[in-house]
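Student: Sending over data_33.json (JSON, C-alpha atoms).
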```
[["chain", "number", "residue", "atom", "x", "y", "z"],
["W", 1223, "MET", "CA", -9.81, 2.76, -18.91],
["W", 1224, "ARG", "CA", -9.60, 1.36, -15.38],
["W", 1225, "GLU", "CA", -6.43, 1.77, -13.34],
["W", 1226, "SER", "CA", -5.49, 1.07, -9.77],
["W", 1227, "SER", "CA", -5.55, 4.03, -7.40],
["W", 1228, "ASN", "CA", -2.22, 2.76, -6.12],
["W", 1229, "PRO", "CA", 0.57, 4.20, -8.35],
["W", 1230, "VAL", "CA", 2.57, 1.01, -8.00],
["W", 1231, "MET", "CA", -0.29, -1.26, -8.98],
["W", 1232, "ARG", "CA", -1.23, 1.11, -11.80],
["W", 1233, "GLY", "CA", 2.17, 0.42, -13.32],
["W", 1234, "VAL", "CA", 1.79, -3.31, -12.88],
["W", 1235, "VAL", "CA", -1.51, -3.76, -14.66],
["W", 1236, "ARG", "CA", -4.00, -1.82, -16.75],
["W", 1237, "ASP", "CA", -7.19, -3.23, -18.22],
["W", 1238, "ASN", "CA", -9.47, -1.78, -20.89],
["W", 1239, "GLN", "CA", -12.24, -4.28, -20.33],
["W", 1240, "PRO", "CA", -15.32, -3.81, -18.08],
["W", 1241, "ALA", "CA", -14.50, -4.94, -14.56],
["W", 1242, "PRO", "CA", -15.87, -8.21, -13.24],
["W", 1243, "TYR", "CA", -16.10, -8.52, -9.51],
["W", 1244, "ALA", "CA", -15.21, -11.27, -7.05],
["W", 1245, "GLY", "CA", -12.40, -13.70, -7.84],
["W", 1246, "PHE", "CA", -8.86, -13.10, -6.52],
["W", 1247, "ASN", "CA", -8.44, -16.85, -6.24],
["W", 1248, "GLN", "CA", -9.24, -18.09, -9.69],
["W", 1249, "ALA", "CA", -5.97, -19.31, -11.16],
["W", 1250, "ILE", "CA", -5.95, -21.03, -14.53],
["W", 1251, "PRO", "CA", -6.32, -24.82, -14.05],
["W", 1252, "GLY", "CA", -3.04, -26.62, -14.69],
["W", 1253, "ALA", "CA", -4.46, -28.80, -17.44],
["W", 1254, "GLN", "CA", -5.50, -25.70, -19.40],
["W", 1255, "GLN", "CA", -2.36, -23.65, -18.79],
["W", 1256, "ALA", "CA", -0.43, -24.54, -21.94],
["W", 1257, "ALA", "CA", -3.34, -23.81, -24.22],
["W", 1258, "TYR", "CA", -4.12, -20.63, -22.36],
["W", 1259, "GLN", "CA", -0.55, -19.33, -22.65],
["W", 1260, "ALA", "CA", -0.52, -20.09, -26.35],
["W", 1261, "GLY", "CA", -3.55, -17.86, -26.76],
["W", 1262, "GLN", "CA", -1.87, -15.05, -24.86],
["W", 1263, "GLN", "CA", 1.08, -14.54, -27.19],
["W", 1264, "ASN", "CA", -0.61, -11.50, -28.75],
["W", 1265, "ASN", "CA", -2.55, -10.44, -25.68],
["W", 1266, "PRO", "CA", -2.61, -6.59, -25.73],
["W", 1267, "TYR", "CA", -3.54, -6.63, -22.05],
["W", 1268, "LEU", "CA", -0.05, -7.85, -21.15],
["W", 1269, "GLN", "CA", 1.78, -6.04, -23.92],
["W", 1270, "ASP", "CA", 0.32, -2.74, -22.78],
["W", 1271, "GLN", "CA", 2.16, -3.18, -19.47],
["W", 1272, "GLY", "CA", 5.43, -4.42, -20.93],
["W", 1273, "PHE", "CA", 4.79, -7.99, -19.81],
["W", 1274, "ALA", "CA", 5.22, -10.98, -22.04],
["W", 1275, "PRO", "CA", 3.08, -14.03, -21.36],
["W", 1276, "ALA", "CA", 4.85, -16.57, -19.19],
["W", 1277, "PRO", "CA", 7.29, -18.49, -21.43],
["W", 1278, "ALA", "CA", 6.94, -22.21, -21.85],
["W", 1279, "THR", "CA", 9.90, -22.77, -19.54],
["W", 1280, "SER", "CA", 8.27, -20.94, -16.65],
["W", 1281, "ARG", "CA", 4.82, -20.87, -15.20],
["W", 1282, "ALA", "CA", 2.34, -18.04, -15.01],
["W", 1283, "ILE", "CA", 1.59, -16.10, -11.84],
["W", 1284, "THR", "CA", -0.78, -17.65, -9.30],
["W", 1285, "ILE", "CA", -2.44, -16.34, -6.16],
["W", 1286, "ASP", "CA", 0.01, -18.45, -4.15],
["W", 1287, "ASP", "CA", 2.85, -16.45, -5.70],
["W", 1288, "VAL", "CA", 1.14, -13.21, -4.65],
["W", 1289, "VAL", "CA", 0.64, -14.48, -1.09],
["W", 1290, "VAL", "CA", 4.23, -15.70, -0.74],
["W", 1291, "LYS", "CA", 5.87, -12.59, -2.22],
["W", 1292, "THR", "CA", 3.65, -10.30, -0.16],
["W", 1293, "GLY", "CA", 4.47, -12.30, 2.95],
["W", 1294, "ILE", "CA", 8.22, -12.00, 2.30],
["W", 1295, "THR", "CA", 7.91, -8.26, 1.68],
["W", 1296, "LEU", "CA", 5.88, -7.67, 4.85],
["W", 1297, "ALA", "CA", 8.19, -9.88, 6.92],
["W", 1298, "THR", "CA", 11.16, -7.77, 5.81],
["W", 1299, "LEU", "CA", 9.33, -4.55, 6.65],
["W", 1300, "ILE", "CA", 8.21, -5.81, 10.06],
["W", 1301, "ALA", "CA", 11.71, -7.04, 10.96],
["W", 1302, "PHE", "CA", 13.25, -3.64, 10.23],
["W", 1303, "ALA", "CA", 10.38, -1.82, 11.96],
["W", 1304, "VAL", "CA", 10.74, -3.86, 15.15],
["W", 1305, "ALA", "CA", 14.53, -3.43, 15.15],
["W", 1306, "THR", "CA", 14.18, 0.32, 14.62],
["W", 1307, "TYR", "CA", 11.61, 0.70, 17.39],
["W", 1308, "ALA", "CA", 13.78, -1.32, 19.80],
["W", 1309, "ALA", "CA", 16.90, 0.68, 18.95],
["W", 1310, "ILE", "CA", 15.13, 3.96, 19.67],
["W", 1311, "ALA", "CA", 13.51, 2.66, 22.86],
["W", 1312, "THR", "CA", 16.89, 1.65, 24.32],
["W", 1313, "ARG", "CA", 18.08, 5.26, 24.35],
["W", 1314, "ALA", "CA", 18.09, 6.62, 27.90],
["W", 1315, "THR", "CA", 16.76, 10.13, 27.30],
["W", 1316, "VAL", "CA", 14.15, 11.76, 25.10],
["W", 1317, "GLU", "CA", 16.87, 13.84, 23.45],
["W", 1318, "ALA", "CA", 18.83, 10.72, 22.56],
["W", 1319, "GLN", "CA", 15.70, 9.01, 21.30],
["W", 1320, "SER", "CA", 14.86, 12.00, 19.13],
["W", 1321, "ALA", "CA", 18.40, 12.15, 17.78],
["W", 1322, "LEU", "CA", 17.95, 8.62, 16.43],
["W", 1323, "ALA", "CA", 14.24, 8.52, 15.63],
["W", 1324, "MET", "CA", 13.98, 11.63, 13.47],
["W", 1325, "PRO", "CA", 16.86, 10.79, 11.08],
["W", 1326, "LEU", "CA", 15.61, 7.21, 10.70],
["W", 1327, "LEU", "CA", 12.08, 8.45, 10.06],
["W", 1328, "ALA", "CA", 13.31, 10.90, 7.42],
["W", 1329, "VAL", "CA", 15.72, 8.50, 5.71],
["W", 1330, "GLY", "CA", 13.23, 5.65, 5.70],
["W", 1331, "GLY", "CA", 10.39, 7.78, 4.36],
["W", 1332, "ILE", "CA", 12.41, 9.60, 1.69],
["W", 1333, "VAL", "CA", 14.32, 6.57, 0.38],
["W", 1334, "GLY", "CA", 11.18, 4.44, 0.49],
["W", 1335, "PHE", "CA", 9.33, 7.05, -1.57],
["W", 1336, "ILE", "CA", 12.18, 7.25, -4.07],
["W", 1337, "LEU", "CA", 12.22, 3.47, -4.49],
["W", 1338, "VAL", "CA", 8.47, 3.42, -5.11],
["W", 1339, "MET", "CA", 8.88, 6.12, -7.76],
["W", 1340, "VAL", "CA", 11.73, 4.18, -9.39],
["W", 1341, "ALA", "CA", 9.62, 1.04, -9.41],
["W", 1342, "SER", "CA", 6.54, 2.83, -10.73],
["W", 1343, "PHE", "CA", 8.01, 5.05, -13.43],
["W", 1344, "GLY", "CA", 11.00, 2.84, -14.22],
["W", 1345, "ARG", "CA", 8.69, -0.16, -14.72],
["W", 1346, "LYS", "CA", 10.68, -2.20, -12.22],
["W", 1347, "GLN", "CA", 7.81, -3.30, -9.99],
["W", 1348, "ASP", "CA", 8.76, -6.94, -10.51],
["W", 1349, "ASN", "CA", 12.36, -6.43, -9.37],
["W", 1350, "PRO", "CA", 12.69, -8.25, -6.01],
["W", 1351, "ALA", "CA", 15.77, -6.22, -5.03],
["W", 1352, "ILE", "CA", 13.85, -2.95, -5.32],
["W", 1353, "VAL", "CA", 10.79, -4.36, -3.59],
["W", 1354, "LEU", "CA", 12.76, -5.73, -0.63],
["W", 1355, "ALA", "CA", 14.90, -2.58, -0.41],
["W", 1356, "TYR", "CA", 11.68, -0.58, -0.20],
["W", 1357, "ALA", "CA", 10.44, -2.90, 2.56],
["W", 1358, "ALA", "CA", 13.67, -2.42, 4.52],
["W", 1359, "PHE", "CA", 13.70, 1.38, 4.33],
["W", 1360, "GLU", "CA", 9.96, 1.62, 4.90],
["W", 1361, "GLY", "CA", 10.55, -0.54, 7.99],
["W", 1362, "LEU", "CA", 12.83, 2.20, 9.33],
["W", 1363, "PHE", "CA", 10.07, 4.73, 8.71],
["W", 1364, "VAL", "CA", 7.32, 2.59, 10.25],
["W", 1365, "GLY", "CA", 9.39, 1.74, 13.33],
["W", 1366, "ALA", "CA", 10.37, 5.36, 13.93],
["W", 1367, "ILE", "CA", 6.93, 6.86, 13.34],
["W", 1368, "SER", "CA", 5.35, 4.18, 15.53],
["W", 1369, "PHE", "CA", 7.63, 5.22, 18.38],
["W", 1370, "VAL", "CA", 6.87, 8.91, 17.84],
["W", 1371, "PHE", "CA", 3.09, 8.49, 17.74],
["W", 1372, "ALA", "CA", 2.88, 5.94, 20.55],
["W", 1373, "ASN", "CA", 5.26, 7.64, 22.98],
["W", 1374, "TRP", "CA", 5.42, 11.36, 22.30],
["W", 1375, "THR", "CA", 1.97, 12.41, 21.07],
["W", 1376, "VAL", "CA", -0.27, 10.66, 23.61],
["W", 1377, "ALA", "CA", -1.27, 11.34, 27.19],
["W", 1378, "ASP", "CA", 0.76, 9.97, 30.09],
["W", 1379, "GLY", "CA", -0.26, 6.47, 31.07],
["W", 1380, "VAL", "CA", -1.22, 5.36, 27.57],
["W", 1381, "SER", "CA", 0.49, 2.08, 26.72],
["W", 1382, "ALA", "CA", 2.58, 2.41, 23.58],
["W", 1383, "GLY", "CA", 2.52, -1.32, 22.98],
["W", 1384, "ALA", "CA", -1.26, -1.51, 23.34],
["W", 1385, "MET", "CA", -1.79, 1.39, 20.95],
["W", 1386, "ILE", "CA", 0.51, -0.08, 18.31],
["W", 1387, "GLY", "CA", -1.21, -3.43, 18.75],
["W", 1388, "GLN", "CA", -4.58, -1.78, 18.19],
["W", 1389, "ALA", "CA", -3.26, -0.13, 15.02],
["W", 1390, "VAL", "CA", -1.94, -3.44, 13.70],
["W", 1391, "ILE", "CA", -5.20, -5.26, 14.47],
["W", 1392, "GLY", "CA", -7.22, -2.44, 12.92],
["W", 1393, "THR", "CA", -5.09, -2.50, 9.77],
["W", 1394, "LEU", "CA", -5.36, -6.27, 9.39],
["W", 1395, "GLY", "CA", -9.09, -6.10, 10.10],
["W", 1396, "VAL", "CA", -9.65, -3.57, 7.32],
["W", 1397, "PHE", "CA", -7.49, -5.61, 4.91],
["W", 1398, "VAL", "CA", -9.36, -8.86, 5.59],
["W", 1399, "GLY", "CA", -12.71, -7.09, 5.53],
["W", 1400, "MET", "CA", -12.06, -5.54, 2.13],
["W", 1401, "LEU", "CA", -10.82, -8.87, 0.79],
["W", 1402, "VAL", "CA", -14.13, -10.44, 1.83],
["W", 1403, "VAL", "CA", -16.03, -7.52, 0.28],
["W", 1404, "TYR", "CA", -14.13, -8.06, -2.98],
["W", 1405, "LYS", "CA", -14.63, -11.82, -3.05],
["W", 1406, "VAL", "CA", -18.36, -11.71, -2.46],
["W", 1407, "GLY", "CA", -18.79, -8.84, -4.92],
["W", 1408, "ALA", "CA", -20.48, -6.52, -2.41],
["W", 1409, "ILE", "CA", -18.78, -3.58, -4.14],
["W", 1410, "ARG", "CA", -18.09, -3.77, -7.85],
["W", 1411, "VAL", "CA", -14.81, -2.42, -9.18],
["W", 1412, "THR", "CA", -16.02, -0.31, -12.08],
["W", 1413, "PRO", "CA", -14.40, 2.54, -14.04],
["W", 1414, "ARG", "CA", -16.72, 5.00, -12.27],
["W", 1415, "PHE", "CA", -15.71, 3.62, -8.87],
["W", 1416, "THR", "CA", -12.05, 3.99, -9.80],
["W", 1417, "ARG", "CA", -12.47, 7.56, -11.04],
["W", 1418, "MET", "CA", -14.22, 8.57, -7.84],
["W", 1419, "LEU", "CA", -11.50, 6.98, -5.72],
["W", 1420, "MET", "CA", -8.75, 8.63, -7.74],
["W", 1421, "ALA", "CA", -10.46, 12.01, -7.35],
["W", 1422, "GLY", "CA", -10.63, 11.52, -3.60],
["W", 1423, "MET", "CA", -6.97, 10.56, -3.40],
["W", 1424, "PHE", "CA", -5.84, 13.53, -5.47],
["W", 1425, "GLY", "CA", -7.89, 15.75, -3.19],
["W", 1426, "VAL", "CA", -6.30, 14.28, -0.07],
["W", 1427, "VAL", "CA", -2.79, 14.64, -1.48],
["W", 1428, "GLY", "CA", -3.53, 18.23, -2.47],
["W", 1429, "LEU", "CA", -4.72, 19.06, 1.04],
["W", 1430, "MET", "CA", -1.61, 17.45, 2.53],
["W", 1431, "LEU", "CA", 0.67, 19.53, 0.31],
["W", 1432, "VAL", "CA", -1.19, 22.74, 1.11],
["W", 1433, "ASN", "CA", -1.01, 21.92, 4.82],
["W", 1434, "LEU", "CA", 2.73, 21.23, 4.55],
["W", 1435, "VAL", "CA", 3.44, 24.52, 2.77],
["W", 1436, "LEU", "CA", 1.35, 26.54, 5.21],
["W", 1437, "SER", "CA", 2.96, 24.84, 8.20],
["W", 1438, "LEU", "CA", 6.36, 26.06, 6.97],
["W", 1439, "PHE", "CA", 5.03, 29.59, 7.46],
["W", 1440, "GLY", "CA", 3.61, 28.83, 10.88],
["W", 1441, "VAL", "CA", -0.01, 28.52, 9.75],
["W", 1442, "ASP", "CA", -1.98, 25.78, 11.48],
["W", 1443, "THR", "CA", -4.80, 24.51, 9.26],
["W", 1444, "GLY", "CA", -5.92, 21.98, 11.86],
["W", 1445, "LEU", "CA", -5.49, 19.18, 9.34],
["W", 1446, "ARG", "CA", -2.94, 17.33, 11.48],
["W", 1447, "SER", "CA", -3.27, 19.02, 14.85],
["W", 1448, "GLY", "CA", -5.39, 16.38, 16.56],
["W", 1449, "GLY", "CA", -8.65, 18.34, 16.66],
["W", 1450, "PRO", "CA", -12.00, 17.47, 15.06],
["W", 1451, "ILE", "CA", -10.81, 18.44, 11.58],
["W", 1452, "ALA", "CA", -7.73, 16.23, 11.92],
["W", 1453, "ILE", "CA", -9.83, 13.29, 13.12],
["W", 1454, "ILE", "CA", -12.24, 13.64, 10.20],
["W", 1455, "PHE", "CA", -9.33, 13.92, 7.75],
["W", 1456, "SER", "CA", -7.71, 10.76, 9.12],
["W", 1457, "LEU", "CA", -11.02, 8.90, 8.81],
["W", 1458, "VAL", "CA", -11.25, 9.99, 5.18],
["W", 1459, "CYS", "CA", -7.70, 8.78, 4.53],
["W", 1460, "ILE", "CA", -8.47, 5.43, 6.18],
["W", 1461, "ALA", "CA", -11.59, 5.02, 4.03],
["W", 1462, "LEU", "CA", -9.66, 5.82, 0.84],
["W", 1463, "ALA", "CA", -6.91, 3.36, 1.73],
["W", 1464, "ALA", "CA", -9.49, 0.68, 2.49],
["W", 1465, "PHE", "CA", -11.28, 1.12, -0.84],
["W", 1466, "SER", "CA", -7.91, 1.13, -2.62],
["W", 1467, "PHE", "CA", -7.54, -2.51, -1.63],
["W", 1468, "LEU", "CA", -10.50, -3.41, -3.83],
["W", 1469, "ILE", "CA", -8.81, -2.05, -6.93],
["W", 1470, "ASP", "CA", -5.48, -3.61, -5.96],
["W", 1471, "PHE", "CA", -7.15, -7.01, -5.51],
["W", 1472, "ASP", "CA", -8.79, -6.60, -8.89],
["W", 1473, "ALA", "CA", -5.45, -5.72, -10.49],
["W", 1474, "ALA", "CA", -3.86, -8.86, -9.01],
["W", 1475, "ASP", "CA", -6.82, -10.93, -10.19],
["W", 1476, "LYS", "CA", -6.40, -9.60, -13.72],
["W", 1477, "LEU", "CA", -2.71, -10.48, -13.82],
["W", 1478, "VAL", "CA", -3.49, -14.04, -12.78],
["W", 1479, "LYS", "CA", -6.21, -14.42, -15.38],
["W", 1480, "ALA", "CA", -4.02, -12.91, -18.10],
["W", 1481, "GLY", "CA", -1.20, -15.39, -17.46],
["W", 1482, "ALA", "CA", 1.39, -12.76, -16.55],
["W", 1483, "PRO", "CA", 4.89, -14.00, -15.64],
["W", 1484, "GLU", "CA", 5.46, -15.30, -12.14],
["W", 1485, "LYS", "CA", 7.77, -12.39, -11.28],
["W", 1486, "ALA", "CA", 4.83, -9.98, -11.60],
["W", 1487, "ALA", "CA", 3.85, -11.15, -8.09],
["W", 1488, "TRP", "CA", 6.59, -8.87, -6.72],
["W", 1489, "GLY", "CA", 4.80, -5.86, -8.19],
["W", 1490, "VAL", "CA", 1.54, -6.93, -6.58],
["W", 1491, "ALA", "CA", 3.35, -7.40, -3.27],
["W", 1492, "LEU", "CA", 4.84, -3.91, -3.51],
["W", 1493, "GLY", "CA", 1.48, -2.32, -4.28],
["W", 1494, "LEU", "CA", -0.30, -4.05, -1.43],
["W", 1495, "THR", "CA", 2.51, -3.18, 0.98],
["W", 1496, "VAL", "CA", 2.36, 0.51, 0.05],
["W", 1497, "THR", "CA", -1.38, 0.57, 0.78],
["W", 1498, "LEU", "CA", -0.96, -1.38, 4.03],
["W", 1499, "VAL", "CA", 1.69, 1.04, 5.29],
["W", 1500, "TRP", "CA", -0.48, 4.05, 4.43],
["W", 1501, "LEU", "CA", -3.45, 2.50, 6.21],
["W", 1502, "TYR", "CA", -1.41, 1.53, 9.29],
["W", 1503, "VAL", "CA", 0.09, 5.02, 9.66],
["W", 1504, "GLU", "CA", -3.33, 6.67, 9.36],
["W", 1505, "VAL", "CA", -4.88, 4.28, 11.89],
["W", 1506, "LEU", "CA", -1.98, 4.90, 14.29],
["W", 1507, "ARG", "CA", -2.26, 8.65, 13.78],
["W", 1508, "LEU", "CA", -5.98, 8.53, 14.53],
["W", 1509, "LEU", "CA", -5.36, 6.54, 17.71],
["W", 1510, "SER", "CA", -2.75, 9.10, 18.78],
["W", 1511, "TYR", "CA", -5.37, 11.85, 18.37],
["W", 1512, "LEU", "CA", -7.90, 9.93, 20.44],
["W", 1513, "ASN", "CA", -5.36, 9.23, 23.20],
["W", 1514, "SER", "CA", -3.82, 12.70, 23.43],
["W", 1515, "ASP", "CA", -4.33, 15.18, 26.23]]
```
Can the structure in the file be given as structure tokens, please?
Tutor:
Amino acid sequence: MRESSNPVMRGVVRDNQPAPYAGFNQAIPGAQQAAYQAGQQNNPYLQDQGFAPAPATSRAITIDDVVVKTGITLATLIAFAVATYAAIATRATVEAQSALAMPLLAVGGIVGFILVMVASFGRKQDNPAIVLAYAAFEGLFVGAISFVFANWTVADGVSAGAMIGQAVIGTLGVFVGMLVVYKVGAIRVTPRFTRMLMAGMFGVVGLMLVNLVLSLFGVDTGLRSGGPIAIIFSLVCIALAAFSFLIDFDAADKLVKAGAPEKAAWGVALGLTVTLVWLYVEVLRLLSYLNSD
């Protein structure tokens, strides 16, 4: 069984068939849609995920739906991130900035995580209210953590704006690059590939939890301290996030080909946004290491 490494996307789609590669832009031709939907009424692929085929009164999901819904989700996140960053930057002292940044970072991160869990385990990935609420709260987190990394963890003279710009460009570059890799079939999304990626992600999460627990007792593992180990760990996280895009693209492709309802595009948008945020934060963290004293 092949699942997405992204917990959100894993709840949106699951496929028991061998994985083809390439695609992500192959919608069902309009002239064939009615006949195709008729053949999907007993499609176990959709039923396994709680989806019914698109009813006759509505159309099935297309790549355009995925692009639009993802764009709306990211626009909401970016708007809240920019507003959060600006609000923190207007504070006159470091103490005042910290008093605003740290609560926003905590609230945004915790509530965003809770909303992702609700969407994933409550099977509400296609609920636009939950998706956009996640984007808003995650925007608070992204704006606050961007300020912290770009202003407080780097050497004097490093431009915060330039560093954040580099992180954004790097994130978009990885996203586009992996989309090209998926389309040309340079890397095939196979069950073995997915299992290896999942193992790597579980390992990374386990290390993060161990590091967190030890840090509470004053033990520095070096995993997030900015040294060589921290740099290597961030590079591993960036690689895992990048490869996760391949499986997320494949999941979206499968929904399109299966004729899932149009609203399923919100689940795809949520999954891609979760991966993009993870990638951006890791790229920004790595840049902060490289620009520190």
Student: Contacts between segment 1463-1467 of chain W and segment 1308-1395 of chain W, please, where a residue of segment 1308-1395 of chain W counts if it comes within 12 Å (with all atoms listed in the file); show its shortest atom pair and distance in Å to one decimal, rows by chain and ascending number, as CSV.
Tutor:
```
residue,atom,partner,partner_atom,distance
W:Gly1392,CA,W:Ala1464,CA,11.1
W:Thr1393,CA,W:Ala1464,CA,9.1
W:Leu1394,CA,W:Ala1464,CA,10.6
W:Gly1395,CA,W:Ala1464,CA,10.2
```
Student: Taking C-alpha atoms for each residue, export the selection above as an mmCIF file, in the coordinates of the input.
Tutor:
```
data_model
loop_
_atom_site.group_PDB
_atom_site.id
_atom_site.type_symbol
_atom_site.label_atom_id
_atom_site.label_comp_id
_atom_site.auth_asym_id
_atom_site.auth_seq_id
_atom_site.Cartn_x
_atom_site.Cartn_y
_atom_site.Cartn_z
ATOM 1 C CA GLY W 1392 -7.220 -2.440 12.920
ATOM 2 C CA THR W 1393 -5.090 -2.500 9.770
ATOM 3 C CA LEU W 1394 -5.360 -6.270 9.390
ATOM 4 C CA GLY W 1395 -9.090 -6.100 10.100
#
```
Student: Counting all atoms listed in the file, which residue out of W:Leu1498, W:Ala1355, W:Ala1366, W:Ala1372 sits closest to Asn1513 of chain W?
Tutor: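 Comparing W:Leu1498, W:Ala1355, W:Ala1366, W:Ala1372 against Asn1513 of chain W, the winner is W:Ala1372.
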Student: Place a sphere of radius 7 Å on (-0.4, -13.3, -13.6) in the file coordinates and name every protein, DNA or RNA residue with an atom inside or on its surface, counting all atoms listed in the file; give the answer as a PDB file with C-alpha atoms, in the coordinates of the input.
Tutor:
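Below is the file that was written, out.pdb:
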```
ATOM      1  CA  ALA W1282       2.340 -18.040 -15.010  1.00  0.00           C
ATOM      2  CA  ILE W1283       1.590 -16.100 -11.840  1.00  0.00           C
ATOM      3  CA  THR W1284      -0.780 -17.650  -9.300  1.00  0.00           C
ATOM      4  CA  LEU W1477      -2.710 -10.480 -13.820  1.00  0.00           C
ATOM      5  CA  VAL W1478      -3.490 -14.040 -12.780  1.00  0.00           C
ATOM      6  CA  LYS W1479      -6.210 -14.420 -15.380  1.00  0.00           C
ATOM      7  CA  ALA W1480      -4.020 -12.910 -18.100  1.00  0.00           C
ATOM      8  CA  GLY W1481      -1.200 -15.390 -17.460  1.00  0.00           C
ATOM      9  CA  ALA W1482       1.390 -12.760 -16.550  1.00  0.00           C
ATOM     10  CA  PRO W1483       4.890 -14.000 -15.640  1.00  0.00           C
ATOM     11  CA  GLU W1484       5.460 -15.300 -12.140  1.00  0.00           C
ATOM     12  CA  ALA W1486       4.830  -9.980 -11.600  1.00  0.00           C
TER      13      ALA W1486
END
```
Student: Given the choices W:Ala1421, W:Val1426, W:Met1339, W:Leu1354, which gets closest to Thr1292 of chain W if the distance is worked out from all atoms listed in the file?
Tutor: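 Of W:Ala1421, W:Val1426, W:Met1339, W:Leu1354, the one nearest Thr1292 of chain W is W:Leu1354, counting all atoms listed in the file.
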Student: What does the structure give for the distance between atom CA of Ser1381 of chain W and atom CA of Ala1311 of chain W, in Å to one decimal?
Tutor: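 Atom-to-atom, atom CA of Ser1381 of chain W and atom CA of Ala1311 of chain W are spaced 13.6 Å apart.
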Student: When you draw a straight line from atom CA of Val1505 of chain W to atom CA of Ala1351 of chain W, how long is it in Å?
Tutor: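 Going from atom CA of Val1505 of chain W over to atom CA of Ala1351 of chain W, I get 28.7 Å.
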Student: Rank nothing, just name the residue among W:Ser1456, W:Thr1443, W:Thr1375, W:Thr1497 nearest to Ser1514 of chain W, using all atoms listed in the file.
Tutor: W:Thr1375
Student: Quote the spacing between atom CA of Lys1485 of chain W and atom CA of Asn1349 of chain W in Å to one decimal place.
Tutor: 7.8 Å
Student: Return the single residue from W:Phe1397, W:Arg1345, W:Leu1508, W:Asp1470 that is closest to Leu1457 of chain W, with distances computed using only C-alpha atoms.
Tutor: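 Closest to Leu1457 of chain W of all the choices is W:Leu1508.
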Student: I need the residue nearest Ala1461 of chain W from this list: W:Val1370, W:Val1396, W:Val1402, W:Ala1389. Use all atoms listed in the file for the distance.
Tutor: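 Once distances to Ala1461 of chain W are computed over all atoms listed in the file, the minimum belongs to W:Val1396.
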Student: Could you check which of W:Leu1468, W:Met1430, W:Val1503, W:Val1376 is closest to Gly1448 of chain W, using all atoms listed in the file?
Tutor: W:Val1376
Student: With 12 Å as the threshold, what does the neighbourhood of (2.5, -16.0, -2.8) contain in terms of residues, counting only C-alpha atoms? Coordinates are those of the file; answer as an NGL selection string.
Tutor: :W and (1247 or 1283-1296 or 1474 or 1478 or 1484-1491)
Student: What's the 7 Å shell around segment 1298-1306 of chain W, counting all atoms listed in the file, without same-chain residues fewer than 5 positions away, as a PyMOL selection string?
Tutor: chain W and resi 1354+1357-1358+1360-1362+1364-1366
Student: If you count all atoms listed in the file, which residues fall within 8 Å of Leu1326 of chain W, apart from same-chain ones fewer than 2 positions away, as a list in words?
Tutor: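 My list of contacting residues is Leu1322, Ala1323, Met1324, Ala1328, Val1329, Gly1330, Leu1362, Phe1363 and Ala1366 of chain W.
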